[in-house]
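Below is one structure, written out as C-alpha coordinates; comments come after it.
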Amino acid sequence: MGATSGIGMEVARQLAAKGWKVGIAGRRTERLAALAESVEGIVAYKSIDIMSDDAPALLTELIDEMGGVDLYFHSSGIGWQNEMLDMGKELSTVATNCAGLVRMTDTLLGWFAAKCGAETRDHAQHDKPHLHIACITSIAGTKGLGAAPAYSASKRFQSHYLESLQQLATIRHLNVSITDIRPGFVATPLIEGSRYPLQLKADDVAAKAIKAIERGKKVSVIDWRYAILVRLWRLIPRSLWVKLPITTK
(Lines give C-alpha, C1' and ligand atoms only; values in the text may rest on other atoms or scores of the structure.)
Protein backbone atom coordinates (compact mmCIF):
# COMPACT_ATOMS: atom_id res chain seq x y z
CA MET A 1 0.00 0.00 0.00
CA GLY A 2 1.53 3.30 -1.13
CA ALA A 3 3.45 1.82 -4.06
CA THR A 4 3.24 4.84 -6.35
CA SER A 5 6.40 6.49 -5.01
CA GLY A 6 9.15 6.44 -2.41
CA ILE A 7 9.70 3.53 -0.06
CA GLY A 8 6.55 1.68 -1.10
CA MET A 9 7.57 1.62 -4.75
CA GLU A 10 11.08 0.42 -3.90
CA VAL A 11 9.77 -2.33 -1.63
CA ALA A 12 7.46 -3.56 -4.40
CA ARG A 13 10.35 -3.68 -6.86
CA GLN A 14 12.71 -5.44 -4.49
CA LEU A 15 10.18 -8.02 -3.32
CA ALA A 16 9.36 -8.83 -6.96
CA ALA A 17 13.08 -9.22 -7.69
CA LYS A 18 13.29 -11.70 -4.80
CA GLY A 19 10.61 -13.85 -6.42
CA TRP A 20 7.54 -12.67 -4.53
CA LYS A 21 4.19 -12.46 -6.29
CA VAL A 22 3.37 -8.80 -5.61
CA GLY A 23 0.13 -6.85 -5.68
CA ILE A 24 0.40 -3.06 -5.44
CA ALA A 25 -2.01 -0.31 -4.44
CA GLY A 26 -2.11 3.46 -4.18
CA ARG A 27 -4.12 6.43 -5.37
CA ARG A 28 -2.51 7.08 -8.77
CA THR A 29 -3.71 4.46 -11.22
CA GLU A 30 -1.36 5.45 -14.03
CA ARG A 31 1.72 4.99 -11.84
CA LEU A 32 0.49 1.64 -10.61
CA ALA A 33 -0.12 0.47 -14.18
CA ALA A 34 3.32 1.63 -15.30
CA LEU A 35 5.02 -0.13 -12.40
CA ALA A 36 3.11 -3.35 -12.98
CA GLU A 37 4.00 -3.26 -16.68
CA SER A 38 7.70 -2.62 -16.09
CA VAL A 39 8.40 -5.01 -13.21
CA GLU A 40 8.07 -8.76 -13.63
CA GLY A 41 6.56 -10.24 -10.51
CA ILE A 42 4.03 -7.47 -9.94
CA VAL A 43 0.94 -9.39 -10.96
CA ALA A 44 -1.93 -7.16 -9.83
CA TYR A 45 -2.70 -3.58 -8.92
CA LYS A 46 -5.66 -1.59 -7.66
CA SER A 47 -6.30 2.10 -7.09
CA ILE A 48 -7.05 2.55 -3.39
CA ASP A 49 -7.34 5.72 -1.35
CA ILE A 50 -6.87 4.70 2.29
CA MET A 51 -9.12 7.58 3.33
CA SER A 52 -12.06 6.37 1.27
CA ASP A 53 -14.97 4.40 2.69
CA ASP A 54 -14.56 1.82 -0.07
CA ALA A 55 -10.88 1.16 0.74
CA PRO A 56 -11.55 -1.98 2.84
CA ALA A 57 -13.67 -3.55 0.09
CA LEU A 58 -11.09 -2.68 -2.57
CA LEU A 59 -8.25 -4.11 -0.50
CA THR A 60 -10.22 -7.32 0.01
CA GLU A 61 -10.81 -7.50 -3.75
CA LEU A 62 -7.07 -7.18 -4.38
CA ILE A 63 -6.30 -9.89 -1.83
CA ASP A 64 -8.85 -12.21 -3.41
CA GLU A 65 -7.44 -11.46 -6.87
CA MET A 66 -4.01 -12.44 -5.56
CA GLY A 67 -5.38 -15.65 -4.10
CA GLY A 68 -4.55 -14.59 -0.56
CA VAL A 69 -1.80 -12.68 1.17
CA ASP A 70 1.26 -13.60 3.24
CA LEU A 71 2.71 -10.10 3.72
CA TYR A 72 1.02 -6.73 3.82
CA PHE A 73 3.34 -3.71 3.57
CA HIS A 74 1.90 -0.30 4.51
CA SER A 75 3.82 2.74 3.27
CA SER A 76 1.13 5.34 2.89
CA GLY A 77 1.16 8.62 4.77
CA ILE A 78 1.59 12.39 4.71
CA GLY A 79 3.21 15.06 6.85
CA TRP A 80 4.51 18.61 6.97
CA GLN A 81 6.56 20.92 9.10
CA ASN A 82 3.73 23.09 10.33
CA GLU A 83 4.91 25.64 12.86
CA MET A 84 2.01 27.98 12.05
CA LEU A 85 -0.43 25.14 12.75
CA ASP A 86 -2.31 25.22 9.48
CA MET A 87 -5.44 23.41 10.63
CA GLY A 88 -6.06 21.67 7.33
CA LYS A 89 -2.57 20.15 7.31
CA GLU A 90 -2.80 19.03 10.92
CA LEU A 91 -6.17 17.34 10.51
CA SER A 92 -5.26 15.76 7.17
CA THR A 93 -2.11 14.29 8.69
CA VAL A 94 -3.97 12.79 11.63
CA ALA A 95 -6.73 11.43 9.40
CA THR A 96 -4.38 9.86 6.85
CA ASN A 97 -1.69 8.51 9.13
CA CYS A 98 -3.96 7.36 11.95
CA ALA A 99 -7.37 6.55 10.47
CA GLY A 100 -5.84 5.35 7.21
CA LEU A 101 -3.55 2.86 8.91
CA VAL A 102 -6.37 1.64 11.17
CA ARG A 103 -8.68 1.18 8.20
CA MET A 104 -6.19 -0.96 6.28
CA THR A 105 -4.65 -3.04 9.08
CA ASP A 106 -8.05 -3.81 10.61
CA THR A 107 -9.24 -4.97 7.20
CA LEU A 108 -6.22 -7.30 6.95
CA LEU A 109 -6.76 -8.80 10.37
CA GLY A 110 -10.48 -9.19 9.71
CA TRP A 111 -9.77 -10.97 6.43
CA PHE A 112 -7.21 -13.24 8.05
CA ALA A 113 -9.47 -14.14 10.97
CA ALA A 114 -12.38 -14.90 8.65
CA LYS A 115 -10.36 -17.01 6.21
CA CYS A 116 -7.95 -18.71 8.58
CA GLY A 117 -9.22 -18.25 12.13
CA ALA A 118 -10.80 -21.67 12.51
CA GLU A 119 -7.81 -23.37 10.93
CA THR A 120 -5.33 -21.60 13.20
CA ARG A 121 -7.13 -22.96 16.25
CA ASP A 122 -7.48 -26.51 14.94
CA HIS A 123 -3.88 -27.18 13.89
CA ALA A 124 -0.51 -27.29 15.58
CA GLN A 125 1.40 -24.02 15.71
CA HIS A 126 3.77 -24.95 12.87
CA ASP A 127 0.80 -25.78 10.60
CA LYS A 128 -1.09 -22.56 11.18
CA PRO A 129 -1.54 -20.09 8.33
CA HIS A 130 0.62 -17.02 8.90
CA LEU A 131 0.16 -13.34 8.14
CA HIS A 132 2.91 -10.71 8.34
CA ILE A 133 2.06 -7.01 8.54
CA ALA A 134 4.84 -4.43 8.14
CA CYS A 135 4.30 -0.69 8.38
CA ILE A 136 6.49 2.33 7.83
CA THR A 137 6.22 4.59 10.87
CA SER A 138 9.10 6.93 11.78
CA ILE A 139 11.66 7.88 14.39
CA ALA A 140 9.56 11.09 14.57
CA GLY A 141 7.26 9.16 16.90
CA THR A 142 9.99 8.99 19.56
CA LYS A 143 9.33 12.48 20.92
CA GLY A 144 6.84 15.25 20.23
CA LEU A 145 8.28 17.54 17.54
CA GLY A 146 7.07 21.13 17.74
CA ALA A 147 7.90 21.79 14.10
CA ALA A 148 5.62 18.92 13.01
CA PRO A 149 3.10 18.28 15.80
CA ALA A 150 0.53 16.18 13.95
CA TYR A 151 3.16 14.19 12.08
CA SER A 152 5.19 13.18 15.15
CA ALA A 153 2.04 12.46 17.17
CA SER A 154 0.54 10.36 14.37
CA LYS A 155 3.73 8.32 14.14
CA ARG A 156 3.60 7.64 17.88
CA PHE A 157 -0.02 6.56 17.42
CA GLN A 158 0.97 4.20 14.61
CA SER A 159 3.64 2.48 16.68
CA HIS A 160 1.32 2.05 19.66
CA TYR A 161 -1.47 0.76 17.45
CA LEU A 162 0.80 -1.83 15.85
CA GLU A 163 1.97 -2.96 19.28
CA SER A 164 -1.66 -3.27 20.35
CA LEU A 165 -2.52 -5.31 17.26
CA GLN A 166 0.35 -7.69 18.00
CA GLN A 167 -1.03 -8.25 21.49
CA LEU A 168 -4.55 -8.62 20.11
CA ALA A 169 -3.36 -11.29 17.68
CA THR A 170 -2.07 -13.23 20.68
CA ILE A 171 -5.37 -12.80 22.52
CA ARG A 172 -7.29 -14.04 19.47
CA HIS A 173 -4.85 -16.89 18.75
CA LEU A 174 -4.01 -15.51 15.30
CA ASN A 175 -0.64 -16.41 13.84
CA VAL A 176 0.25 -12.82 12.93
CA SER A 177 3.65 -11.09 13.02
CA ILE A 178 3.90 -7.30 12.92
CA THR A 179 7.00 -5.29 12.08
CA ASP A 180 7.16 -1.59 12.98
CA ILE A 181 9.73 -0.02 10.63
CA ARG A 182 11.03 3.34 11.86
CA PRO A 183 13.29 5.07 9.34
CA GLY A 184 14.95 8.39 9.84
CA PHE A 185 14.49 11.14 7.27
CA VAL A 186 14.19 9.62 3.80
CA ALA A 187 14.78 11.51 0.54
CA THR A 188 11.27 11.02 -0.90
CA PRO A 189 8.67 13.50 -2.21
CA LEU A 190 7.34 13.75 1.37
CA ILE A 191 10.30 15.93 2.46
CA GLU A 192 11.37 17.28 -0.93
CA GLY A 193 12.98 20.70 -0.64
CA SER A 194 13.58 20.43 3.11
CA ARG A 195 16.88 20.71 4.98
CA TYR A 196 16.49 17.55 7.05
CA PRO A 197 19.92 16.13 7.98
CA LEU A 198 21.17 12.58 7.33
CA GLN A 199 18.67 11.90 4.56
CA LEU A 200 18.45 8.23 3.60
CA LYS A 201 17.87 6.79 0.12
CA ALA A 202 14.52 5.11 -0.47
CA ASP A 203 16.06 2.01 -2.05
CA ASP A 204 18.42 1.52 0.90
CA VAL A 205 15.54 1.91 3.37
CA ALA A 206 13.48 -0.58 1.37
CA ALA A 207 16.30 -3.15 1.42
CA LYS A 208 16.76 -2.77 5.19
CA ALA A 209 13.00 -2.96 5.74
CA ILE A 210 12.77 -6.22 3.81
CA LYS A 211 15.72 -7.62 5.76
CA ALA A 212 13.94 -6.71 9.03
CA ILE A 213 10.83 -8.54 7.82
CA GLU A 214 12.83 -11.60 6.82
CA ARG A 215 14.47 -11.69 10.24
CA GLY A 216 11.10 -11.39 11.98
CA LYS A 217 11.99 -8.20 13.83
CA LYS A 218 9.20 -6.51 15.76
CA VAL A 219 10.73 -3.03 15.62
CA SER A 220 13.46 -1.85 13.25
CA VAL A 221 15.03 1.62 13.36
CA ILE A 222 16.73 2.51 10.05
CA ASP A 223 19.66 3.13 10.05
CA TRP A 224 22.32 2.74 12.79
CA ARG A 225 22.88 6.50 13.05
CA TYR A 226 19.21 7.05 13.78
CA ALA A 227 19.19 4.15 16.24
CA ILE A 228 21.82 6.04 18.24
CA LEU A 229 19.92 9.31 17.89
CA VAL A 230 16.70 7.73 19.13
CA ARG A 231 18.47 6.34 22.21
CA LEU A 232 19.83 9.79 22.98
CA TRP A 233 16.43 11.44 22.49
CA ARG A 234 14.87 9.04 24.98
CA LEU A 235 17.37 10.08 27.64
CA ILE A 236 16.29 13.73 27.46
CA PRO A 237 13.68 14.54 30.15
CA ARG A 238 10.45 16.11 28.98
CA SER A 239 11.12 19.31 30.93
CA LEU A 240 14.28 19.86 28.88
CA TRP A 241 13.01 18.46 25.57
CA VAL A 242 10.17 20.98 25.23
CA LYS A 243 12.68 23.84 25.52
CA LEU A 244 14.82 22.65 22.60
CA PRO A 245 14.31 24.65 19.36
CA ILE A 246 14.39 21.62 17.05
CA THR A 247 13.60 22.61 13.47
CA THR A 248 15.15 22.43 9.98
CA LYS A 249 14.11 25.93 8.94
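Chain labels A, B, ... are given in the sequence in which chains occur in the C-alpha coordinates; within each chain residues are numbered consecutively from 1, and ligands are likewise numbered from 1 in the order shown.
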
Q.
Just want the 9 Å neighbourhood of segment 71-84 of chain A, counted on only C-alpha atoms, with same-chain residues fewer than 5 positions away dropped. Output as number ranges by chain.
A. A: 1-3, 6-9, 11-12, 26, 50, 89-90, 92-94, 96-98, 100-101, 104-105, 108, 130-137, 146-152, 190-191, 247-248

Q) In Å to one decimal, how far is atom CA of Arg27 of chain A from atom CA of Arg13 of chain A? A)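 Between atom CA of Arg13 of chain A and atom CA of Arg27 of chain A the gap is 17.7 Å.
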
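Closest approach to Gln14 of chain A from the set A:His160, A:Ala206, A:Gly67, A:Ala55 is made by A:Ala206, with distances taken over only C-alpha atoms.
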
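The nearest approach to Asp64 of chain A among the residues A:Lys46, A:Tyr161, A:Val39, A:Val230, with only C-alpha atoms taken into account, belongs to A:Lys46.
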
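These are the residues of segment 31-215 of chain A assigned strand (DSSP E) by DSSP from backbone coordinates: A:Ile42, A:Val43, A:Ala44, A:Tyr45, A:Lys46, A:Ser47, A:Leu71, A:Tyr72, A:Phe73, A:His74, A:Leu131, A:His132, A:Ile133, A:Ala134, A:Cys135, A:Ile136, A:Val176, A:Ser177, A:Ile178, A:Thr179, A:Asp180, A:Ile181, A:Arg182, A:Pro183.
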
Q) Which neighbours of Val22 of chain A fall inside 9 Å, counting only C-alpha atoms, when residues of the same chain fewer than 3 positions from it are skipped, and could you give them as number ranges by chain? A) A: 12-13, 15-16, 19, 41-45, 66

Could those residues be written to a file, using all heavy atoms, as an mmCIF file, in the first residue's frame?
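out_22.cif written:
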data_model
loop_
_atom_site.group_PDB
_atom_site.id
_atom_site.type_symbol
_atom_site.label_atom_id
_atom_site.label_comp_id
_atom_site.auth_asym_id
_atom_site.auth_seq_id
_atom_site.Cartn_x
_atom_site.Cartn_y
_atom_site.Cartn_z
ATOM 1 N N ALA A 12 8.137 -2.741 -3.392
ATOM 2 C CA ALA A 12 7.458 -3.560 -4.402
ATOM 3 C C ALA A 12 8.460 -4.108 -5.414
ATOM 4 O O ALA A 12 8.431 -5.300 -5.762
ATOM 5 C CB ALA A 12 6.380 -2.739 -5.100
ATOM 6 N N ARG A 13 9.343 -3.246 -5.892
ATOM 7 C CA ARG A 13 10.353 -3.678 -6.864
ATOM 8 C C ARG A 13 11.277 -4.749 -6.285
ATOM 9 O O ARG A 13 11.575 -5.760 -6.925
ATOM 10 C CB ARG A 13 11.181 -2.471 -7.311
ATOM 11 C CG ARG A 13 10.460 -1.520 -8.261
ATOM 12 C CD ARG A 13 11.313 -0.309 -8.528
ATOM 13 N NE ARG A 13 10.756 0.530 -9.586
ATOM 14 C CZ ARG A 13 11.033 1.810 -9.750
ATOM 15 N NH1 ARG A 13 11.875 2.405 -8.917
ATOM 16 N NH2 ARG A 13 10.493 2.500 -10.736
ATOM 17 N N LEU A 15 10.850 -6.759 -3.630
ATOM 18 C CA LEU A 15 10.178 -8.024 -3.324
ATOM 19 C C LEU A 15 9.955 -8.825 -4.607
ATOM 20 O O LEU A 15 10.150 -10.041 -4.623
ATOM 21 C CB LEU A 15 8.842 -7.760 -2.634
ATOM 22 C CG LEU A 15 8.896 -7.330 -1.167
ATOM 23 C CD1 LEU A 15 7.498 -7.007 -0.672
ATOM 24 C CD2 LEU A 15 9.528 -8.405 -0.291
ATOM 25 N N ALA A 16 9.558 -8.145 -5.677
ATOM 26 C CA ALA A 16 9.364 -8.828 -6.955
ATOM 27 C C ALA A 16 10.677 -9.446 -7.439
ATOM 28 O O ALA A 16 10.696 -10.567 -7.952
ATOM 29 C CB ALA A 16 8.812 -7.857 -7.991
ATOM 30 N N GLY A 19 11.468 -12.733 -6.048
ATOM 31 C CA GLY A 19 10.613 -13.845 -6.423
ATOM 32 C C GLY A 19 9.223 -13.834 -5.819
ATOM 33 O O GLY A 19 8.445 -14.768 -6.030
ATOM 34 N N GLY A 41 6.820 -9.828 -11.886
ATOM 35 C CA GLY A 41 6.561 -10.244 -10.514
ATOM 36 C C GLY A 41 5.456 -9.441 -9.867
ATOM 37 O O GLY A 41 4.847 -9.897 -8.892
ATOM 38 N N ILE A 42 5.194 -8.230 -10.388
ATOM 39 C CA ILE A 42 4.030 -7.471 -9.937
ATOM 40 C C ILE A 42 2.854 -7.929 -10.793
ATOM 41 O O ILE A 42 2.784 -7.628 -11.980
ATOM 42 C CB ILE A 42 4.262 -5.957 -10.053
ATOM 43 C CG1 ILE A 42 5.410 -5.530 -9.129
ATOM 44 C CG2 ILE A 42 2.984 -5.198 -9.694
ATOM 45 C CD1 ILE A 42 5.718 -4.042 -9.162
ATOM 46 N N VAL A 43 1.958 -8.677 -10.196
ATOM 47 C CA VAL A 43 0.935 -9.386 -10.963
ATOM 48 C C VAL A 43 -0.451 -8.768 -10.856
ATOM 49 O O VAL A 43 -1.374 -9.188 -11.570
ATOM 50 C CB VAL A 43 0.872 -10.864 -10.517
ATOM 51 C CG1 VAL A 43 2.214 -11.551 -10.775
ATOM 52 C CG2 VAL A 43 0.489 -10.978 -9.042
ATOM 53 N N ALA A 44 -0.622 -7.779 -9.977
ATOM 54 C CA ALA A 44 -1.934 -7.161 -9.827
ATOM 55 C C ALA A 44 -1.771 -5.770 -9.226
ATOM 56 O O ALA A 44 -0.807 -5.497 -8.511
ATOM 57 C CB ALA A 44 -2.840 -8.013 -8.937
ATOM 58 N N TYR A 45 -2.701 -4.902 -9.542
ATOM 59 C CA TYR A 45 -2.700 -3.577 -8.920
ATOM 60 C C TYR A 45 -4.132 -3.079 -8.797
ATOM 61 O O TYR A 45 -5.032 -3.506 -9.535
ATOM 62 C CB TYR A 45 -1.857 -2.581 -9.722
ATOM 63 C CG TYR A 45 -2.394 -2.206 -11.081
ATOM 64 C CD1 TYR A 45 -3.276 -1.128 -11.235
ATOM 65 C CD2 TYR A 45 -2.018 -2.905 -12.223
ATOM 66 C CE1 TYR A 45 -3.752 -0.769 -12.485
ATOM 67 C CE2 TYR A 45 -2.486 -2.565 -13.470
ATOM 68 C CZ TYR A 45 -3.356 -1.489 -13.597
ATOM 69 O OH TYR A 45 -3.840 -1.142 -14.837
ATOM 70 N N MET A 66 -5.329 -11.848 -5.730
ATOM 71 C CA MET A 66 -4.005 -12.436 -5.556
ATOM 72 C C MET A 66 -4.074 -13.888 -5.087
ATOM 73 O O MET A 66 -3.079 -14.598 -5.091
ATOM 74 C CB MET A 66 -3.209 -11.633 -4.525
ATOM 75 C CG MET A 66 -2.909 -10.201 -4.929
ATOM 76 S SD MET A 66 -1.600 -10.091 -6.150
ATOM 77 C CE MET A 66 -0.230 -10.744 -5.219
#

Q: From a DSSP calculation on the backbone, collect every residue of segment 35-96 of chain A in helix (DSSP H, G or I) and output the set as a list of chain:residue names.
A: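 Those in segment 35-96 of chain A that DSSP calls helix (DSSP H, G or I) are A:Leu35, A:Ala36, A:Glu37, A:Ser38, A:Ala55, A:Pro56, A:Ala57, A:Leu58, A:Leu59, A:Thr60, A:Glu61, A:Leu62, A:Ile63, A:Asp64, A:Glu65, A:Met66, A:Met87, A:Gly88, A:Lys89, A:Glu90, A:Leu91, A:Ser92, A:Thr93, A:Val94, A:Ala95, A:Thr96.
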
Written selection (N, CA and C atoms) as a short mmCIF file (atom, residue, chain, number, x, y, z; two decimals), in the first residue's frame:
data_model
loop_
_atom_site.label_atom_id
_atom_site.label_comp_id
_atom_site.auth_asym_id
_atom_site.auth_seq_id
_atom_site.Cartn_x
_atom_site.Cartn_y
_atom_site.Cartn_z
N LEU A 35 4.15 0.71 -13.21
CA LEU A 35 5.02 -0.13 -12.40
C LEU A 35 4.75 -1.61 -12.66
N ALA A 36 3.47 -1.96 -12.73
CA ALA A 36 3.11 -3.35 -12.98
C ALA A 36 3.60 -3.82 -14.35
N GLU A 37 3.57 -2.91 -15.32
CA GLU A 37 4.00 -3.26 -16.68
C GLU A 37 5.51 -3.41 -16.77
N SER A 38 6.24 -2.64 -15.97
CA SER A 38 7.70 -2.62 -16.09
C SER A 38 8.42 -3.61 -15.19
N ALA A 55 -12.23 1.73 0.69
CA ALA A 55 -10.88 1.16 0.74
C ALA A 55 -10.86 -0.27 1.27
N PRO A 56 -11.57 -0.59 2.36
CA PRO A 56 -11.55 -1.98 2.84
C PRO A 56 -12.05 -2.98 1.80
N ALA A 57 -13.13 -2.64 1.11
CA ALA A 57 -13.67 -3.55 0.09
C ALA A 57 -12.69 -3.71 -1.06
N LEU A 58 -12.05 -2.62 -1.47
CA LEU A 58 -11.09 -2.68 -2.57
C LEU A 58 -9.85 -3.49 -2.19
N LEU A 59 -9.40 -3.33 -0.95
CA LEU A 59 -8.25 -4.11 -0.50
C LEU A 59 -8.60 -5.60 -0.47
N THR A 60 -9.79 -5.92 0.00
CA THR A 60 -10.22 -7.32 0.01
C THR A 60 -10.30 -7.88 -1.40
N GLU A 61 -10.76 -7.07 -2.35
CA GLU A 61 -10.81 -7.50 -3.75
C GLU A 61 -9.41 -7.81 -4.27
N LEU A 62 -8.45 -6.96 -3.93
CA LEU A 62 -7.07 -7.18 -4.38
C LEU A 62 -6.50 -8.46 -3.77
N ILE A 63 -6.78 -8.67 -2.49
CA ILE A 63 -6.30 -9.89 -1.83
C ILE A 63 -6.89 -11.12 -2.50
N ASP A 64 -8.19 -11.07 -2.76
CA ASP A 64 -8.85 -12.21 -3.41
C ASP A 64 -8.30 -12.44 -4.82
N GLU A 65 -8.02 -11.35 -5.53
CA GLU A 65 -7.44 -11.46 -6.87
C GLU A 65 -6.07 -12.12 -6.81
N MET A 66 -5.33 -11.85 -5.73
CA MET A 66 -4.01 -12.44 -5.56
C MET A 66 -4.07 -13.89 -5.09
N MET A 87 -4.51 24.41 10.13
CA MET A 87 -5.44 23.41 10.63
C MET A 87 -5.71 22.30 9.63
N GLY A 88 -5.80 22.67 8.36
CA GLY A 88 -6.06 21.67 7.33
C GLY A 88 -4.95 20.63 7.27
N LYS A 89 -3.70 21.08 7.35
CA LYS A 89 -2.57 20.15 7.31
C LYS A 89 -2.55 19.25 8.53
N GLU A 90 -2.81 19.83 9.70
CA GLU A 90 -2.80 19.03 10.92
C GLU A 90 -3.87 17.93 10.89
N LEU A 91 -5.08 18.31 10.51
CA LEU A 91 -6.17 17.34 10.51
C LEU A 91 -6.01 16.30 9.41
N SER A 92 -5.49 16.71 8.25
CA SER A 92 -5.26 15.76 7.17
C SER A 92 -4.20 14.73 7.56
N THR A 93 -3.17 15.20 8.25
CA THR A 93 -2.11 14.29 8.69
C THR A 93 -2.64 13.26 9.67
N VAL A 94 -3.40 13.72 10.64
CA VAL A 94 -3.97 12.79 11.63
C VAL A 94 -4.91 11.79 10.95
N ALA A 95 -5.76 12.31 10.06
CA ALA A 95 -6.73 11.43 9.40
C ALA A 95 -6.04 10.38 8.54
N THR A 96 -5.05 10.80 7.76
CA THR A 96 -4.38 9.86 6.85
C THR A 96 -3.51 8.87 7.60
#

(Q) Which residues are close to Lys201 of chain A, i.e. within 12 Å by only C-alpha atoms, leaving aside same-chain residues fewer than 6 positions away? Reply as a ChimeraX atom specification. (A) /A:6-7,10,183-189,207-208,222-223

Q: Could you check which of A:Lys155, A:Lys243, A:Lys115, A:Lys217 is closest to Ile178 of chain A, using only C-alpha atoms?
A: A:Lys217
